[in-house]
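Structure below is my_file-v4.pdb: PDB, C-alpha atoms and all ligand atoms.
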MODEL        1
ATOM      1  CA  VAL K   1      15.696 -23.646  15.491  1.00  0.00           C
ATOM      2  CA  THR K   2      15.538 -21.425  12.420  1.00  0.00           C
ATOM      3  CA  GLN K   3      13.972 -17.972  12.678  1.00  0.00           C
ATOM      4  CA  GLU K   4      10.561 -17.886  11.046  1.00  0.00           C
ATOM      5  CA  ASP K   5      10.094 -15.461   8.156  1.00  0.00           C
ATOM      6  CA  PRO K   6       8.321 -12.414   9.688  1.00  0.00           C
ATOM      7  CA  ARG K   7       6.082 -12.213   6.608  1.00  0.00           C
ATOM      8  CA  ARG K   8       4.838 -15.756   7.120  1.00  0.00           C
ATOM      9  CA  ARG K   9       4.128 -14.933  10.731  1.00  0.00           C
ATOM     10  CA  SER K  10       2.223 -11.721   9.954  1.00  0.00           C
ATOM     11  CA  LEU K  11       0.077 -13.649   7.449  1.00  0.00           C
ATOM     12  CA  ARG K  12      -0.752 -16.247  10.062  1.00  0.00           C
ATOM     13  CA  ASP K  13      -1.339 -13.613  12.757  1.00  0.00           C
ATOM     14  CA  ALA K  14      -3.807 -11.945  10.373  1.00  0.00           C
ATOM     15  CA  GLY K  15      -5.680 -15.240  10.008  1.00  0.00           C
ATOM     16  CA  LEU K  16      -4.563 -15.876   6.426  1.00  0.00           C
ATOM     17  CA  LYS K  17      -3.225 -19.111   5.029  1.00  0.00           C
ATOM     18  CA  VAL K  18       0.458 -18.789   4.196  1.00  0.00           C
ATOM     19  CA  THR K  19       0.942 -19.196   0.443  1.00  0.00           C
ATOM     20  CA  ALA K  20       4.018 -18.502  -1.653  1.00  0.00           C
ATOM     21  CA  SER K  21       2.251 -15.820  -3.696  1.00  0.00           C
ATOM     22  CA  ARG K  22       0.982 -13.961  -0.593  1.00  0.00           C
ATOM     23  CA  VAL K  23       4.482 -13.995   0.897  1.00  0.00           C
ATOM     24  CA  GLY K  24       5.815 -12.788  -2.479  1.00  0.00           C
ATOM     25  CA  VAL K  25       3.341  -9.887  -2.686  1.00  0.00           C
ATOM     26  CA  LEU K  26       4.048  -8.804   0.890  1.00  0.00           C
ATOM     27  CA  GLU K  27       7.793  -9.040   0.352  1.00  0.00           C
ATOM     28  CA  LEU K  28       7.589  -6.957  -2.838  1.00  0.00           C
ATOM     29  CA  LEU K  29       5.496  -4.188  -1.268  1.00  0.00           C
ATOM     30  CA  GLN K  30       7.746  -3.950   1.780  1.00  0.00           C
ATOM     31  CA  ARG K  31      10.729  -3.682  -0.553  1.00  0.00           C
ATOM     32  CA  VAL K  32       9.409  -1.017  -2.965  1.00  0.00           C
ATOM     33  CA  ASN K  33       8.335   1.177  -0.056  1.00  0.00           C
ATOM     34  CA  LYS K  34       5.687   3.175  -1.959  1.00  0.00           C
ATOM     35  CA  PRO K  35       2.160   2.542  -3.260  1.00  0.00           C
ATOM     36  CA  ILE K  36       2.043   0.604  -6.556  1.00  0.00           C
ATOM     37  CA  THR K  37      -0.774  -0.690  -8.763  1.00  0.00           C
ATOM     38  CA  HIS K  38      -1.937  -4.238  -9.453  1.00  0.00           C
ATOM     39  CA  ALA K  39      -0.349  -3.967 -12.918  1.00  0.00           C
ATOM     40  CA  GLU K  40       3.002  -3.027 -11.389  1.00  0.00           C
ATOM     41  CA  VAL K  41       2.768  -5.900  -8.914  1.00  0.00           C
ATOM     42  CA  ALA K  42       2.078  -8.279 -11.818  1.00  0.00           C
ATOM     43  CA  GLU K  43       5.005  -6.802 -13.729  1.00  0.00           C
ATOM     44  CA  HIS K  44       7.370  -7.435 -10.798  1.00  0.00           C
ATOM     45  CA  LEU K  45       6.090 -10.903  -9.956  1.00  0.00           C
ATOM     46  CA  GLY K  46       5.051 -12.190 -13.377  1.00  0.00           C
ATOM     47  CA  ASP K  47       8.242 -14.205 -13.736  1.00  0.00           C
ATOM     48  CA  ALA K  48       7.393 -16.106 -10.562  1.00  0.00           C
ATOM     49  CA  GLY K  49       4.547 -17.776 -12.459  1.00  0.00           C
ATOM     50  CA  TRP K  50       1.550 -16.283 -10.626  1.00  0.00           C
ATOM     51  CA  ASP K  51      -1.239 -15.022 -12.858  1.00  0.00           C
ATOM     52  CA  ARG K  52      -2.764 -11.561 -12.550  1.00  0.00           C
ATOM     53  CA  ALA K  53      -6.023 -12.834 -11.056  1.00  0.00           C
ATOM     54  CA  THR K  54      -4.182 -14.608  -8.235  1.00  0.00           C
ATOM     55  CA  LEU K  55      -2.098 -11.521  -7.508  1.00  0.00           C
ATOM     56  CA  TYR K  56      -5.204  -9.317  -7.510  1.00  0.00           C
ATOM     57  CA  ARG K  57      -6.971 -11.617  -5.056  1.00  0.00           C
ATOM     58  CA  ASN K  58      -3.872 -11.555  -2.859  1.00  0.00           C
ATOM     59  CA  LEU K  59      -3.850  -7.748  -2.857  1.00  0.00           C
ATOM     60  CA  ILE K  60      -7.511  -7.652  -1.797  1.00  0.00           C
ATOM     61  CA  ASP K  61      -7.095 -10.375   0.865  1.00  0.00           C
ATOM     62  CA  LEU K  62      -4.003  -8.705   2.329  1.00  0.00           C
ATOM     63  CA  SER K  63      -5.770  -5.311   2.352  1.00  0.00           C
ATOM     64  CA  ASP K  64      -8.861  -6.723   4.052  1.00  0.00           C
ATOM     65  CA  ALA K  65      -6.598  -8.328   6.671  1.00  0.00           C
ATOM     66  CA  GLY K  66      -4.933  -4.963   7.352  1.00  0.00           C
ATOM     67  CA  LEU K  67      -1.487  -5.934   6.057  1.00  0.00           C
ATOM     68  CA  LEU K  68      -1.737  -3.521   3.108  1.00  0.00           C
ATOM     69  CA  ASN K  69      -3.151  -0.018   2.747  1.00  0.00           C
ATOM     70  CA  ARG K  70      -5.340   0.582  -0.284  1.00  0.00           C
ATOM     71  CA  VAL K  71      -4.737   4.059  -1.674  1.00  0.00           C
ATOM     72  CA  SER K  72      -6.812   5.624  -4.445  1.00  0.00           C
ATOM     73  CA  LEU K  73      -4.483   7.662  -6.628  1.00  0.00           C
ATOM     74  CA  GLY K  74      -5.470   9.102  -9.981  1.00  0.00           C
ATOM     75  CA  SER K  75      -8.606   6.894  -9.917  1.00  0.00           C
ATOM     76  CA  VAL K  76      -6.444   3.732  -9.810  1.00  0.00           C
ATOM     77  CA  TRP K  77      -6.043   1.660  -6.650  1.00  0.00           C
ATOM     78  CA  HIS K  78      -2.505   1.508  -5.341  1.00  0.00           C
ATOM     79  CA  PHE K  79      -1.322  -0.821  -2.587  1.00  0.00           C
ATOM     80  CA  GLU K  80       1.387  -0.313   0.008  1.00  0.00           C
ATOM     81  CA  ALA K  81       2.649  -2.305   2.965  1.00  0.00           C
ATOM     82  CA  ALA K  82       0.758  -1.187   6.064  1.00  0.00           C
ATOM     83  CA  THR K  83       3.808  -1.637   8.287  1.00  0.00           C
ATOM     84  CA  LYS K  84       6.026   0.900   6.544  1.00  0.00           C
ATOM     85  CA  HIS K  85       4.635   4.262   7.550  1.00  0.00           C
ATOM     86  CA  GLY K  86       1.265   3.361   9.019  1.00  0.00           C
ATOM     87  CA  GLY K  87      -1.976   4.589   7.490  1.00  0.00           C
ATOM     88  CA  GLY K  88      -3.139   8.160   7.196  1.00  0.00           C
ATOM     89  CA  HIS K  89      -0.026   9.765   5.774  1.00  0.00           C
ATOM     90  CA  PRO K  90      -0.358  11.957   2.686  1.00  0.00           C
ATOM     91  CA  HIS K  91       0.974  10.927  -0.731  1.00  0.00           C
ATOM     92  CA  PHE K  92       2.909  13.217  -3.022  1.00  0.00           C
ATOM     93  CA  VAL K  93       1.879  12.816  -6.664  1.00  0.00           C
ATOM     94  CA  CYS K  94       3.974  14.362  -9.450  1.00  0.00           C
ATOM     95  CA  VAL K  95       1.832  16.385 -11.840  1.00  0.00           C
ATOM     96  CA  GLU K  96       4.248  15.717 -14.702  1.00  0.00           C
ATOM     97  CA  CYS K  97       5.187  12.022 -14.527  1.00  0.00           C
ATOM     98  CA  GLY K  98       2.522  10.730 -12.128  1.00  0.00           C
ATOM     99  CA  SER K  99       5.036   9.103  -9.794  1.00  0.00           C
ATOM    100  CA  VAL K 100       3.890   8.598  -6.207  1.00  0.00           C
ATOM    101  CA  ARG K 101       5.823   8.925  -2.978  1.00  0.00           C
ATOM    102  CA  CYS K 102       4.843   8.501   0.683  1.00  0.00           C
ATOM    103  CA  THR K 103       5.307  11.552   2.899  1.00  0.00           C
ATOM    104  CA  PRO K 104       5.377  10.096   6.430  1.00  0.00           C
ATOM    105  CA  GLU K 105       7.257  13.230   7.532  1.00  0.00           C
ATOM    106  CA  LEU K 106       4.001  15.136   7.162  1.00  0.00           C
ATOM    107  CA  ARG K 107       1.407  14.462   9.845  1.00  0.00           C
ATOM    108  CA  VAL K 108      -2.082  15.821   9.517  1.00  0.00           C
ATOM    109  CA  ARG K 109      -4.463  15.804  12.463  1.00  0.00           C
ATOM    110  CA  LEU K 110      -7.981  15.144  11.301  1.00  0.00           C
ATOM    111  CA  PRO K 111     -10.806  17.024  13.058  1.00  0.00           C
ATOM    112  CA  LYS K 112     -13.020  15.127  15.501  1.00  0.00           C
ATOM    113  CA  THR K 113     -15.716  17.792  15.642  1.00  0.00           C
ATOM    114  CA  LYS K 114     -19.303  16.821  14.887  1.00  0.00           C
ATOM    115  CA  SER K 115     -19.545  19.333  12.053  1.00  0.00           C
ATOM    116  CA  ALA K 116     -16.883  17.451  10.043  1.00  0.00           C
ATOM    117  CA  PRO K 117     -18.012  14.749   7.597  1.00  0.00           C
ATOM    118  CA  ARG K 118     -18.129  11.278   9.156  1.00  0.00           C
ATOM    119  CA  ALA K 119     -15.483   9.899   6.764  1.00  0.00           C
ATOM    120  CA  LEU K 120     -13.115  12.624   7.899  1.00  0.00           C
ATOM    121  CA  ARG K 121     -13.683  11.832  11.573  1.00  0.00           C
ATOM    122  CA  ARG K 122     -13.042   8.139  10.901  1.00  0.00           C
ATOM    123  CA  GLY K 123      -9.898   8.823   8.880  1.00  0.00           C
ATOM    124  CA  GLU K 124     -11.457   7.242   5.782  1.00  0.00           C
ATOM    125  CA  VAL K 125     -10.021   9.890   3.474  1.00  0.00           C
ATOM    126  CA  GLU K 126      -7.068  10.196   1.137  1.00  0.00           C
ATOM    127  CA  LEU K 127      -4.608  13.034   1.571  1.00  0.00           C
ATOM    128  CA  GLN K 128      -2.760  13.970  -1.583  1.00  0.00           C
ATOM    129  CA  LEU K 129      -0.202  16.611  -2.431  1.00  0.00           C
ATOM    130  CA  HIS K 130       0.371  17.593  -6.033  1.00  0.00           C
ATOM    131  CA  GLY K 131       3.614  19.070  -7.256  1.00  0.00           C
ATOM    132  CA  VAL K 132       6.682  18.415  -9.398  1.00  0.00           C
ATOM    133  CA  CYS K 133       8.966  15.566  -8.278  1.00  0.00           C
ATOM    134  CA  ASP K 134      12.743  16.015  -7.937  1.00  0.00           C
ATOM    135  CA  ARG K 135      13.478  14.098 -11.126  1.00  0.00           C
ATOM    136  CA  CYS K 136      11.075  16.144 -13.276  1.00  0.00           C
ATOM    137  CA  ALA K 137      12.255  19.398 -11.658  1.00  0.00           C
ATOM    138  CA  ALA K 138      15.847  18.552 -12.622  1.00  0.00           C
ATOM    139  CA  ALA K 139      14.943  17.650 -16.223  1.00  0.00           C
TER
HETATM  140 ZN    ZN F 201       7.814  13.613 -11.915  1.00  0.00          ZN
HETATM  141 ZN    ZN F 202       2.262   5.681   1.612  1.00  0.00          ZN
ENDMDL
END

Represent the structure from my file as structure tokens, please.
Ligand SMILES: [Zn+2]
Ligand SMILES: [Zn+2]
Amino acid sequence: VTQEDPRRRSLRDAGLKVTASRVGVLELLQRVNKPITHAEVAEHLGDAGWDRATLYRNLIDLSDAGLLNRVSLGSVWHFEAATKHGGGHPHFVCVECGSVRCTPELRVRLPKTKSAPRALRRGEVELQLHGVCDRCAAA
């Protein structure tokens, strides 16, 4: 008995039909290990023969199923594998080159008090840190 690809299984567990492009998108986002845009996904997977519309639908379907986190960065949606660091971690955005990095080492406890906005209590907020990335700082 061969071991089933864990990505195929997580698609099925999430109630999604297993397609080659969905497996490809999930595999890519688990590999890059940071949030990337639809355009970047298309750039990585364009050679595989899937068109941009298919890849975009996959990103939305996988996000709705909870397999990806949708992160709004610089007014552009970015997508990351939900399994990597879990949701709710802040993202570090470089003010010079715009590169994005997850910061799972930083945990922020959101307030549960009634006076806080509802979105904050539900964790439906984006936490972002702005600064200069290592590469730009060294340049
Ligand atoms: Zn930078
Ligand atoms: Zn992240």

Inset, instruction - Pick out the residues no farther than 6 Å from ligand ZN 201 (chain F), counting only C-alpha atoms and all ligand atoms, and list them as number ranges by chain. - result: K: 94, 96-97, 99, 132-133, 135-136

Inset, instruction - Could you please determine the separation between atom CA of Asn33 of chain K and atom CA of Leu59 of chain K in Å, to one decimal place? - result: 15.4 Å

Inset, instruction - Find the residues near ligand ZN 202 (chain F). Use a cut-off of 7 Å, count all atoms listed in the file, and write them as a VMD selection string. - result: chain K and resid 34 to 35 80 85 89 to 91 101 to 103

What would the selection look like, as a JSON list (two decimals) with C-alpha atoms, in the coordinates of the input, if the PyMOL selection byres (((chain K and resi 38-50) around 9) and not hetatm) were run on the coordinates I just shared?
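Result went into expr-v9.json, see below:
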[["chain", "number", "residue", "atom", "x", "y", "z"],
["K", 21, "SER", "CA", 2.25, -15.82, -3.70],
["K", 24, "GLY", "CA", 5.82, -12.79, -2.48],
["K", 25, "VAL", "CA", 3.34, -9.89, -2.69],
["K", 28, "LEU", "CA", 7.59, -6.96, -2.84],
["K", 29, "LEU", "CA", 5.50, -4.19, -1.27],
["K", 36, "ILE", "CA", 2.04, 0.60, -6.56],
["K", 37, "THR", "CA", -0.77, -0.69, -8.76],
["K", 51, "ASP", "CA", -1.24, -15.02, -12.86],
["K", 52, "ARG", "CA", -2.76, -11.56, -12.55],
["K", 53, "ALA", "CA", -6.02, -12.83, -11.06],
["K", 54, "THR", "CA", -4.18, -14.61, -8.24],
["K", 55, "LEU", "CA", -2.10, -11.52, -7.51],
["K", 56, "TYR", "CA", -5.20, -9.32, -7.51],
["K", 59, "LEU", "CA", -3.85, -7.75, -2.86],
["K", 77, "TRP", "CA", -6.04, 1.66, -6.65],
["K", 78, "HIS", "CA", -2.50, 1.51, -5.34],
["K", 79, "PHE", "CA", -1.32, -0.82, -2.59]]

Inset, instruction - Might you pull out every residue within 12 Å of Ser10 of chain K, with all atoms listed in the file counted and same-chain residues fewer than 6 positions away left off, and present them as a ChimeraX atom specification? - result: /K:4,16-18,22-23,26-27,62,65-68,81-83

Output the selection as a compact mmCIF listing (two decimals), in the coordinates of the input - C-alpha atoms for each residue.
# COMPACT_ATOMS: atom_id res chain seq x y z
CA GLU K 4 10.56 -17.89 11.05
CA LEU K 16 -4.56 -15.88 6.43
CA LYS K 17 -3.22 -19.11 5.03
CA VAL K 18 0.46 -18.79 4.20
CA ARG K 22 0.98 -13.96 -0.59
CA VAL K 23 4.48 -14.00 0.90
CA LEU K 26 4.05 -8.80 0.89
CA GLU K 27 7.79 -9.04 0.35
CA LEU K 62 -4.00 -8.70 2.33
CA ALA K 65 -6.60 -8.33 6.67
CA GLY K 66 -4.93 -4.96 7.35
CA LEU K 67 -1.49 -5.93 6.06
CA LEU K 68 -1.74 -3.52 3.11
CA ALA K 81 2.65 -2.31 2.96
CA ALA K 82 0.76 -1.19 6.06
CA THR K 83 3.81 -1.64 8.29

Inset, instruction - Apply the PyMOL selection byres (((chain K and resi 125-127) around 12) and not hetatm) to the displayed file and report the matching residues as a ChimeraX atom specification. - result: /K:69-75,77-78,87-93,102-104,106-111,117-124,128-130

Can you write out the residues you just picked, keeping C-alpha atoms, as a compact mmCIF listing (two decimals), in the coordinates of the input?
# COMPACT_ATOMS: atom_id res chain seq x y z
CA ASN K 69 -3.15 -0.02 2.75
CA ARG K 70 -5.34 0.58 -0.28
CA VAL K 71 -4.74 4.06 -1.67
CA SER K 72 -6.81 5.62 -4.44
CA LEU K 73 -4.48 7.66 -6.63
CA GLY K 74 -5.47 9.10 -9.98
CA SER K 75 -8.61 6.89 -9.92
CA TRP K 77 -6.04 1.66 -6.65
CA HIS K 78 -2.50 1.51 -5.34
CA GLY K 87 -1.98 4.59 7.49
CA GLY K 88 -3.14 8.16 7.20
CA HIS K 89 -0.03 9.76 5.77
CA PRO K 90 -0.36 11.96 2.69
CA HIS K 91 0.97 10.93 -0.73
CA PHE K 92 2.91 13.22 -3.02
CA VAL K 93 1.88 12.82 -6.66
CA CYS K 102 4.84 8.50 0.68
CA THR K 103 5.31 11.55 2.90
CA PRO K 104 5.38 10.10 6.43
CA LEU K 106 4.00 15.14 7.16
CA ARG K 107 1.41 14.46 9.85
CA VAL K 108 -2.08 15.82 9.52
CA ARG K 109 -4.46 15.80 12.46
CA LEU K 110 -7.98 15.14 11.30
CA PRO K 111 -10.81 17.02 13.06
CA PRO K 117 -18.01 14.75 7.60
CA ARG K 118 -18.13 11.28 9.16
CA ALA K 119 -15.48 9.90 6.76
CA LEU K 120 -13.12 12.62 7.90
CA ARG K 121 -13.68 11.83 11.57
CA ARG K 122 -13.04 8.14 10.90
CA GLY K 123 -9.90 8.82 8.88
CA GLU K 124 -11.46 7.24 5.78
CA GLN K 128 -2.76 13.97 -1.58
CA LEU K 129 -0.20 16.61 -2.43
CA HIS K 130 0.37 17.59 -6.03

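Take atom CA of Val76 of chain K and atom CA of Asp134 of chain K: the distance between them is 22.9 Å.
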
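From atom CA of Thr19 of chain K back to atom CA of Asn58 of chain K, the distance works out to 9.6 Å.
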